[in-house]
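Novice: Could you have a look at this structure, given as structure tokens, before my questions?
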Amino acid sequence: MYGKRGTGALAAVALAGAALLLAGCSAPEDNSKKGGGGADIAQRPKGSDPFWVNPEGNAAEQLATYARAGRKDDAEQIRKIAEQPTGEWIGPENPEAEARGYTEAAEKADRTALLVLYNIPHRDCGQFSQGGAADGDAYRAWIDGVTKGIGDRNTTVVLEPDALLHIVDGCTPDEFHEERYDLLKGAIAKLGALKNTKVYLDAGNAGWGHPDQIFQPLQRAGVDRADGFAVNVSNFYTTRDSIAYGKQLSAKVGDKHFVIDTSRNGNGPYTAGKADENWCNPPGRALGETPSTKTADPLVDAYVWVKRPGESDGTCKGGPKAGEWWSDYALKLARASK
């Protein structure tokens with residue numbers, strides 16, 4: 001289909017969040033911390049990249065594992081991922097605790113937390129990342145937990161990858177459409193009311209269709225109250241094509257700004273396989289531009305790594321479950337990058 005499919009990382013996120021919480025979410029005063037096994041992971045320069053680097057993420061742990069094994073070249077390749085800020089996907093069970101843990105850790109490091117909210121009911125149409133909240137009330141309670149956890153700390157939120165695309169492409173049954181619009185509008189209102197939180201609603205990618213197909217759904221979902229929208233989440237379209245797509249869409253929704261997921265778009269999209277499977281763990285891809293607020297267009301607020309490079313899109317092409325770390329794929333992404 002047209003959507004990204006497999007954008008979720010919830011299979012692994014709950015464990016990662018729990019590990020961070022158990023660690024006390026602490027960051028030392030010099031804004032750096034040794035990752036697992038002694039891998040030095042520092043924050044990026046705040047002037048160009050204000051987002052928090054998790055020093056205990058999967059890539060940092062892999063770096064340390066390679067270093068202990070004497071695999072210096074592999075360790076340096078994985079460092080390309082480990083030293084960049086990536087989105088923290090909030091799990092379904094403890095949204096308040098996880099959101100608080102990540103945002104407190106980011107605050108201690110004098111950075112902004114990047115959170116991804118992906119728990120809409122009937123998520124992913126029963127595909128690799130199926131699931132989500134049990135119903136609308138459960139989702140509203142989950143959003144309430146997230147907002148309480150964030151509080152007044154600096155946070156950027158990417159809201160519900162694929163939720164609108166799956167309305168437009170017919171993947172989500174008609175009887176759920178009105179509720180979904182209401183849930184997204186409510187989430188934007190609650191998150192947007194927070195003092196230091198920016199909200200970007202997912203709006204697809206340059207390869208799925210045309211902006212004419214999604215600008216009205218964006219409006220119905222309340223994008224006017226959001227800070228903007230996000231494009232290319234968990235996908236591979238080039239930054240140039242993503243800017244063109246985003247600018248076309250922006251012109252239709254009040255010149256809203258947008259962010260671009262550049263985590264794996266260094267070589268553009270994969271086109272040699274089956275068209276409906278090219279989104280899932282495609283070979284020959286590369287890391288894209290590193291996260292930054294210094295972008296090629298004034299409408300683009302930031303390049304962000306929403307998808308965490310090295311985590312699987314799903315059980316395709318030999319990959320593990322969606323969201324699980326896949327070291328071989330991570331190495332290939334890193335080696336193919338400049």
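Order determines the names: the first chain of the structure tokens is A, the second B, and so forth; residues in each chain are numbered 1 upward, and ligands are numbered 1 upward as they are shown.
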Do a neighbour search on range 331-337 of chain A at 9 Å with only C-alpha atoms, toss out local chain neighbours closer than 4 positions, and write the hits as a list in words.

Specialist: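 My reading of the contact set: Asp74, Gln77, Ile78, Arg79, Lys80, Ile81, Arg264, Gly266, Asn267, Pro283, Gly284, Arg285, Ala286, Leu287, Gly288, Pro309, Gly310, Trp326 and Ser327 of chain A.
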
Novice: Which residues are near range 121-126 of chain A? Cut-off 8 Å, only C-alpha atoms, ignore same chain within fewer than 6 positions. Put them as a VMD selection string.

Specialist: chain A and resid 5 to 6 132 to 136 139 162 to 163 166 171 to 172 180

Novice: Pull all heavy atoms from the residues just selected and write them as a short mmCIF file (atom, residue, chain, number, x, y, z; two decimals), in the first residue's frame.

Specialist:
data_model
loop_
_atom_site.label_atom_id
_atom_site.label_comp_id
_atom_site.auth_asym_id
_atom_site.auth_seq_id
_atom_site.Cartn_x
_atom_site.Cartn_y
_atom_site.Cartn_z
N ARG A 5 4.19 1.37 6.40
CA ARG A 5 4.11 0.02 6.93
C ARG A 5 5.28 -0.28 7.87
O ARG A 5 6.45 -0.10 7.56
CB ARG A 5 4.11 -1.03 5.82
CG ARG A 5 2.96 -0.90 4.85
CD ARG A 5 1.65 -1.20 5.53
NE ARG A 5 0.62 -1.44 4.54
CZ ARG A 5 -0.64 -1.28 4.78
NH1 ARG A 5 -1.04 -0.89 5.96
NH2 ARG A 5 -1.53 -1.51 3.84
N GLY A 6 4.99 -0.77 8.99
CA GLY A 6 6.06 -1.16 9.90
C GLY A 6 6.77 0.00 10.54
O GLY A 6 7.92 -0.13 10.95
N GLY A 132 -1.98 -0.76 19.05
CA GLY A 132 -2.47 0.54 19.45
C GLY A 132 -3.40 0.43 20.63
O GLY A 132 -3.69 -0.67 21.15
N ALA A 133 -3.90 1.56 21.09
CA ALA A 133 -4.80 1.60 22.23
C ALA A 133 -6.07 0.81 21.94
O ALA A 133 -6.51 0.70 20.79
CB ALA A 133 -5.15 3.05 22.57
N ALA A 134 -6.67 0.28 23.00
CA ALA A 134 -7.85 -0.59 22.84
C ALA A 134 -9.04 0.16 22.26
O ALA A 134 -9.82 -0.40 21.49
CB ALA A 134 -8.22 -1.21 24.18
N ASP A 135 -9.19 1.42 22.63
CA ASP A 135 -10.30 2.23 22.12
C ASP A 135 -9.98 3.70 22.33
O ASP A 135 -8.90 4.06 22.82
CB ASP A 135 -11.62 1.85 22.81
CG ASP A 135 -11.55 1.93 24.33
OD1 ASP A 135 -10.82 2.79 24.87
OD2 ASP A 135 -12.22 1.12 25.00
N GLY A 136 -10.94 4.55 21.96
CA GLY A 136 -10.71 5.98 22.05
C GLY A 136 -10.43 6.47 23.45
O GLY A 136 -9.55 7.32 23.67
N TYR A 139 -6.96 5.65 24.46
CA TYR A 139 -5.99 6.52 23.80
C TYR A 139 -5.93 7.89 24.47
O TYR A 139 -4.85 8.44 24.70
CB TYR A 139 -6.34 6.68 22.32
CG TYR A 139 -5.30 7.47 21.55
CD1 TYR A 139 -4.10 6.88 21.16
CD2 TYR A 139 -5.51 8.81 21.23
CE1 TYR A 139 -3.14 7.60 20.46
CE2 TYR A 139 -4.56 9.54 20.54
CZ TYR A 139 -3.37 8.93 20.15
OH TYR A 139 -2.41 9.65 19.47
N ASP A 162 1.51 7.37 9.99
CA ASP A 162 0.57 6.60 9.17
C ASP A 162 -0.89 6.78 9.50
O ASP A 162 -1.76 6.29 8.77
CB ASP A 162 0.88 5.10 9.23
CG ASP A 162 1.99 4.67 8.28
OD1 ASP A 162 2.36 5.47 7.42
OD2 ASP A 162 2.47 3.54 8.42
N ALA A 163 -1.23 7.43 10.60
CA ALA A 163 -2.64 7.49 11.02
C ALA A 163 -3.53 8.12 9.95
O ALA A 163 -4.64 7.62 9.69
CB ALA A 163 -2.77 8.24 12.34
N HIS A 166 -3.49 6.08 6.39
CA HIS A 166 -4.32 4.88 6.35
C HIS A 166 -5.81 5.20 6.32
O HIS A 166 -6.62 4.31 6.04
CB HIS A 166 -3.96 3.97 7.53
CG HIS A 166 -2.67 3.26 7.32
ND1 HIS A 166 -2.00 2.64 8.35
CD2 HIS A 166 -1.91 3.08 6.21
CE1 HIS A 166 -0.89 2.09 7.87
NE2 HIS A 166 -0.81 2.36 6.59
N CYS A 171 -7.03 1.88 4.04
CA CYS A 171 -6.56 0.77 4.88
C CYS A 171 -7.33 0.72 6.20
O CYS A 171 -7.65 -0.36 6.69
CB CYS A 171 -5.06 0.92 5.11
SG CYS A 171 -4.30 -0.37 6.09
N THR A 172 -7.62 1.87 6.77
CA THR A 172 -8.40 1.94 8.00
C THR A 172 -9.89 1.97 7.64
O THR A 172 -10.32 2.83 6.87
CB THR A 172 -8.04 3.20 8.80
OG1 THR A 172 -6.65 3.15 9.15
CG2 THR A 172 -8.87 3.30 10.07
N ARG A 180 -10.89 8.69 14.69
CA ARG A 180 -9.46 8.96 14.53
C ARG A 180 -9.20 10.46 14.40
O ARG A 180 -8.27 10.99 15.00
CB ARG A 180 -8.90 8.19 13.33
CG ARG A 180 -7.42 8.45 13.10
CD ARG A 180 -6.78 7.42 12.21
NE ARG A 180 -6.75 6.09 12.85
CZ ARG A 180 -6.10 5.04 12.34
NH1 ARG A 180 -5.44 5.16 11.20
NH2 ARG A 180 -6.13 3.89 12.95
#

Novice: List every residue of range 46-260 of chain A that DSSP, applied to the backbone of this structure, places in alpha helix (DSSP H), and write the result as a PyMOL selection string.

Specialist: chain A and resi 58-68+72-82+95-108+136-150+165-168+177-192+215-220+239-250

Novice: Based on the backbone DSSP call, show me all residues of range 50-228 of chain A assigned strand (DSSP E or B), as a list in words.

Specialist: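 These are the residues in question: Phe51, Glu88, Trp89, Thr112, Ala113, Leu114, Leu115, Val116, Leu117, Arg123, Gly131, Thr155, Thr156, Val157, Val158, Leu159, Thr197, Lys198, Val199, Tyr200, Leu201, Asp202 and Gly228 of chain A.
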
Novice: Taking only C-alpha atoms into account, name the residue in A:Gly151, A:Glu104, A:Val259, A:Glu178 that is nearest to Thr293 in chain A.

Specialist: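 The answer is A:Val259, which sits nearest to Thr293 in chain A.
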
Novice: Do you have the CA of Leu184 in chain A-CA of Ser234 in chain A distance handy?

Specialist: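 Computed distance, CA of Leu184 in chain A to CA of Ser234 in chain A, equals 19.7 Å.
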
Novice: Using only C-alpha atoms, can you tell me which of A:Tyr303, A:Phe229, A:Trp142, A:Phe51 comes closest to Ala97 in chain A?

Specialist: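 Ranking A:Tyr303, A:Phe229, A:Trp142, A:Phe51 by distance to Ala97 in chain A, first place goes to A:Trp142.
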
Novice: Compare A:Lys338, A:Lys252, A:Lys307, A:Lys190 by their minimum atom-to-atom distance to Gly323 in chain A, counting only C-alpha atoms, and give me the closest one.

Specialist: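 The closest residue to Gly323 in chain A is A:Lys307.
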
Novice: Between A:Leu63, A:Ala203, A:Val300, A:Ile90, which has the minimum distance to Glu76 in chain A (counting only C-alpha atoms)?

Specialist: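 Answer, going by the shortest atom-to-atom distance: A:Leu63.
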
Novice: Using only C-alpha atoms, which of A:Asp174, A:Asp261, A:Glu289, A:Asp137 sits nearest Val158 in chain A?

Specialist: A:Asp261

Novice: In Å, with one decimal, what is the gap from CA of Asp241 in chain A to CA of Trp305 in chain A?

Specialist: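 Between CA of Asp241 in chain A and CA of Trp305 in chain A the gap is 16.7 Å.
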
Novice: Write out as a list in words each polymer residue whose atoms come within 7 Å of Leu249 in chain A, counting only C-alpha atoms; drop sequence neighbours fewer than 4 positions from it.

Specialist: Pro211, Phe215, Tyr245 and Val253 of chain A

Novice: Near Lys198 in chain A, counting only C-alpha atoms, which residues have an atom at most 8 Å away, once you skip same-chain residues fewer than 3 positions from it, shown as an NGL selection string?

Specialist: :A and (155-157 or 191-192 or 226-227)

Novice: Go through A:Ile188, A:Ala275, A:Val53, A:Ala193 one by one, measure the shortest atom-to-atom distance of each to Ala109 in chain A using only C-alpha atoms, and give the residue with the smallest value.

Specialist: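 Answer, going by the shortest atom-to-atom distance: A:Val53.
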
Novice: Which residues are close to Ser312 in chain A, i.e. within 7 Å by only C-alpha atoms, leaving aside same-chain residues fewer than 6 positions away? Reply as a PyMOL selection string.

Specialist: chain A and resi 281+319-326

Novice: Keeping only N, CA, C and O atoms, write those residues as a tab-separated table (two decimals), in the first residue's frame.

Specialist:
chain	number	residue	atom	x	y	z
A	281	ASN	N	12.84	-2.93	5.27
A	281	ASN	CA	14.23	-3.39	5.34
A	281	ASN	C	14.89	-3.48	3.97
A	281	ASN	O	15.54	-4.48	3.63
A	319	GLY	N	14.60	-9.94	8.46
A	319	GLY	CA	14.66	-9.10	9.64
A	319	GLY	C	13.91	-9.66	10.83
A	319	GLY	O	13.02	-10.51	10.68
A	320	PRO	N	14.24	-9.19	12.03
A	320	PRO	CA	13.48	-9.54	13.23
A	320	PRO	C	12.17	-8.75	13.28
A	320	PRO	O	11.85	-8.02	12.34
A	321	LYS	N	11.45	-8.85	14.38
A	321	LYS	CA	10.19	-8.16	14.53
A	321	LYS	C	10.38	-6.64	14.45
A	321	LYS	O	11.46	-6.13	14.72
A	322	ALA	N	9.32	-5.95	14.06
A	322	ALA	CA	9.37	-4.49	13.95
A	322	ALA	C	9.86	-3.86	15.25
A	322	ALA	O	9.38	-4.18	16.33
A	323	GLY	N	10.86	-3.00	15.14
A	323	GLY	CA	11.39	-2.30	16.29
A	323	GLY	C	12.56	-2.97	16.95
A	323	GLY	O	13.23	-2.35	17.78
A	324	GLU	N	12.84	-4.23	16.62
A	324	GLU	CA	13.97	-4.91	17.25
A	324	GLU	C	15.28	-4.52	16.56
A	324	GLU	O	15.33	-4.31	15.35
A	325	TRP	N	16.33	-4.46	17.35
A	325	TRP	CA	17.65	-4.08	16.85
A	325	TRP	C	18.18	-5.17	15.93
A	325	TRP	O	18.09	-6.37	16.23
A	326	TRP	N	18.78	-4.76	14.81
A	326	TRP	CA	19.32	-5.68	13.80
A	326	TRP	C	20.71	-5.17	13.45
A	326	TRP	O	20.88	-4.30	12.63

Novice: Could you jot down the CA of Gln213 in chain A to CA of Gln248 in chain A separation for me, Å, one decimal place?

Specialist: 11.7 Å

Novice: Neighbouring residues of Glu96 in chain A were defined as those with any atom within 7 Å, considering only C-alpha atoms; residues of the same chain fewer than 4 positions away were excluded. Please report them as an MDAnalysis selection string.

Specialist: chainID A and resid 100 145:146 148:149

Novice: Would you list the contacts of Pro291 in chain A as a PyMOL selection string, taking every protein, DNA or RNA residue within 10 Å and counting only C-alpha atoms, but skipping same-chain residues closer than 3 positions in sequence?

Specialist: chain A and resi 44+48-51+84-86+260-263+288+294-295+302-306

Novice: Only all heavy atoms, please: the residues just picked out, written as a short mmCIF file (atom, residue, chain, number, x, y, z; two decimals), in the first residue's frame.

Specialist:
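What landed in out_21.cif:
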data_model
loop_
_atom_site.label_atom_id
_atom_site.label_comp_id
_atom_site.auth_asym_id
_atom_site.auth_seq_id
_atom_site.Cartn_x
_atom_site.Cartn_y
_atom_site.Cartn_z
N ARG A 44 25.43 16.40 20.81
CA ARG A 44 25.86 17.16 19.64
C ARG A 44 25.84 18.66 19.97
O ARG A 44 25.20 19.09 20.94
CB ARG A 44 24.94 16.88 18.45
CG ARG A 44 24.74 15.40 18.16
CD ARG A 44 26.05 14.66 17.98
NE ARG A 44 26.79 15.13 16.83
CZ ARG A 44 28.04 14.80 16.55
NH1 ARG A 44 28.72 14.02 17.39
NH2 ARG A 44 28.62 15.25 15.48
N SER A 48 23.32 23.78 16.40
CA SER A 48 22.78 23.24 15.16
C SER A 48 21.90 22.02 15.40
O SER A 48 21.09 21.66 14.54
CB SER A 48 23.92 22.86 14.21
OG SER A 48 24.73 21.86 14.78
N ASP A 49 22.07 21.38 16.54
CA ASP A 49 21.33 20.15 16.82
C ASP A 49 20.88 20.15 18.27
O ASP A 49 21.61 19.71 19.16
CB ASP A 49 22.22 18.93 16.53
CG ASP A 49 21.51 17.62 16.77
OD1 ASP A 49 20.29 17.64 17.05
OD2 ASP A 49 22.16 16.57 16.68
N PRO A 50 19.68 20.64 18.54
CA PRO A 50 19.26 20.80 19.93
C PRO A 50 18.70 19.53 20.56
O PRO A 50 18.35 19.54 21.75
CB PRO A 50 18.15 21.84 19.82
CG PRO A 50 17.54 21.58 18.48
CD PRO A 50 18.71 21.19 17.59
N PHE A 51 18.64 18.42 19.81
CA PHE A 51 17.96 17.24 20.31
C PHE A 51 18.89 16.35 21.14
O PHE A 51 20.09 16.27 20.91
CB PHE A 51 17.36 16.44 19.15
CG PHE A 51 16.36 17.24 18.36
CD1 PHE A 51 16.67 17.70 17.09
CD2 PHE A 51 15.13 17.56 18.90
CE1 PHE A 51 15.76 18.45 16.37
CE2 PHE A 51 14.21 18.31 18.19
CZ PHE A 51 14.53 18.76 16.92
N GLN A 84 24.06 10.18 17.26
CA GLN A 84 23.02 11.06 16.76
C GLN A 84 21.74 10.91 17.59
O GLN A 84 21.42 9.82 18.06
CB GLN A 84 22.70 10.73 15.29
CG GLN A 84 23.88 10.88 14.35
CD GLN A 84 24.48 12.28 14.35
OE1 GLN A 84 23.78 13.26 14.58
NE2 GLN A 84 25.78 12.36 14.10
N PRO A 85 21.02 12.00 17.79
CA PRO A 85 19.75 11.91 18.51
C PRO A 85 18.69 11.22 17.66
O PRO A 85 18.57 11.49 16.45
CB PRO A 85 19.38 13.37 18.76
CG PRO A 85 20.03 14.11 17.63
CD PRO A 85 21.31 13.38 17.35
N THR A 86 17.95 10.31 18.25
CA THR A 86 16.89 9.62 17.54
C THR A 86 15.61 9.69 18.36
O THR A 86 15.63 9.94 19.57
CB THR A 86 17.25 8.14 17.29
OG1 THR A 86 17.55 7.51 18.55
CG2 THR A 86 18.46 8.02 16.37
N ILE A 260 11.62 16.72 8.59
CA ILE A 260 11.87 15.60 7.68
C ILE A 260 12.68 14.53 8.39
O ILE A 260 13.71 14.83 9.01
CB ILE A 260 12.66 16.07 6.43
CG1 ILE A 260 11.89 17.15 5.68
CG2 ILE A 260 12.95 14.89 5.51
CD1 ILE A 260 12.70 17.79 4.55
N ASP A 261 12.22 13.29 8.30
CA ASP A 261 13.00 12.17 8.82
C ASP A 261 14.07 11.81 7.80
O ASP A 261 13.77 11.30 6.72
CB ASP A 261 12.07 10.97 9.07
CG ASP A 261 12.79 9.79 9.72
OD1 ASP A 261 14.03 9.85 9.87
OD2 ASP A 261 12.11 8.81 10.05
N THR A 262 15.31 12.07 8.15
CA THR A 262 16.44 11.81 7.24
C THR A 262 17.26 10.61 7.70
O THR A 262 18.38 10.40 7.23
CB THR A 262 17.35 13.05 7.16
OG1 THR A 262 17.86 13.35 8.47
CG2 THR A 262 16.61 14.25 6.62
N SER A 263 16.70 9.79 8.59
CA SER A 263 17.50 8.75 9.23
C SER A 263 18.08 7.74 8.25
O SER A 263 19.20 7.26 8.45
CB SER A 263 16.66 8.01 10.27
OG SER A 263 15.48 7.48 9.70
N GLY A 288 21.04 9.27 6.28
CA GLY A 288 20.89 10.56 5.61
C GLY A 288 21.55 11.68 6.39
O GLY A 288 22.42 11.45 7.24
N LYS A 294 19.52 23.39 11.14
CA LYS A 294 20.05 24.16 10.01
C LYS A 294 19.73 23.38 8.74
O LYS A 294 20.39 22.38 8.42
CB LYS A 294 21.56 24.38 10.17
CG LYS A 294 21.92 25.22 11.38
CD LYS A 294 23.41 25.50 11.45
CE LYS A 294 23.77 26.31 12.69
NZ LYS A 294 23.09 27.61 12.76
N THR A 295 18.71 23.81 8.02
CA THR A 295 18.17 23.06 6.89
C THR A 295 18.27 23.85 5.60
O THR A 295 18.66 25.03 5.60
CB THR A 295 16.71 22.68 7.15
OG1 THR A 295 15.91 23.88 7.13
CG2 THR A 295 16.55 21.99 8.51
N ALA A 302 13.49 21.25 10.91
CA ALA A 302 14.59 20.38 11.33
C ALA A 302 14.64 19.13 10.47
O ALA A 302 13.63 18.67 9.92
CB ALA A 302 14.43 19.98 12.80
N TYR A 303 15.86 18.59 10.37
CA TYR A 303 16.05 17.20 9.96
C TYR A 303 16.10 16.39 11.25
O TYR A 303 16.85 16.75 12.18
CB TYR A 303 17.35 17.01 9.19
CG TYR A 303 17.51 17.86 7.95
CD1 TYR A 303 18.74 18.44 7.64
CD2 TYR A 303 16.44 18.10 7.09
CE1 TYR A 303 18.90 19.21 6.50
CE2 TYR A 303 16.59 18.88 5.96
CZ TYR A 303 17.83 19.43 5.66
OH TYR A 303 17.98 20.21 4.53
N VAL A 304 15.32 15.36 11.34
CA VAL A 304 15.28 14.54 12.54
C VAL A 304 15.38 13.07 12.17
O VAL A 304 15.01 12.67 11.07
CB VAL A 304 13.97 14.79 13.35
CG1 VAL A 304 13.99 16.16 14.00
CG2 VAL A 304 12.74 14.65 12.45
N TRP A 305 15.89 12.27 13.11
CA TRP A 305 15.92 10.82 12.92
C TRP A 305 14.78 10.25 13.75
O TRP A 305 14.95 9.91 14.91
CB TRP A 305 17.27 10.26 13.33
CG TRP A 305 18.35 10.51 12.31
CD1 TRP A 305 18.30 11.36 11.25
CD2 TRP A 305 19.65 9.89 12.27
NE1 TRP A 305 19.48 11.32 10.54
CE2 TRP A 305 20.33 10.42 11.14
CE3 TRP A 305 20.29 8.96 13.07
CZ2 TRP A 305 21.62 10.04 10.79
CZ3 TRP A 305 21.58 8.57 12.73
CH2 TRP A 305 22.24 9.09 11.60
N VAL A 306 13.61 10.17 13.13
CA VAL A 306 12.44 9.63 13.82
C VAL A 306 12.57 8.11 13.94
O VAL A 306 12.43 7.53 15.02
CB VAL A 306 11.15 10.01 13.07
CG1 VAL A 306 9.93 9.49 13.83
CG2 VAL A 306 11.06 11.52 12.90
#
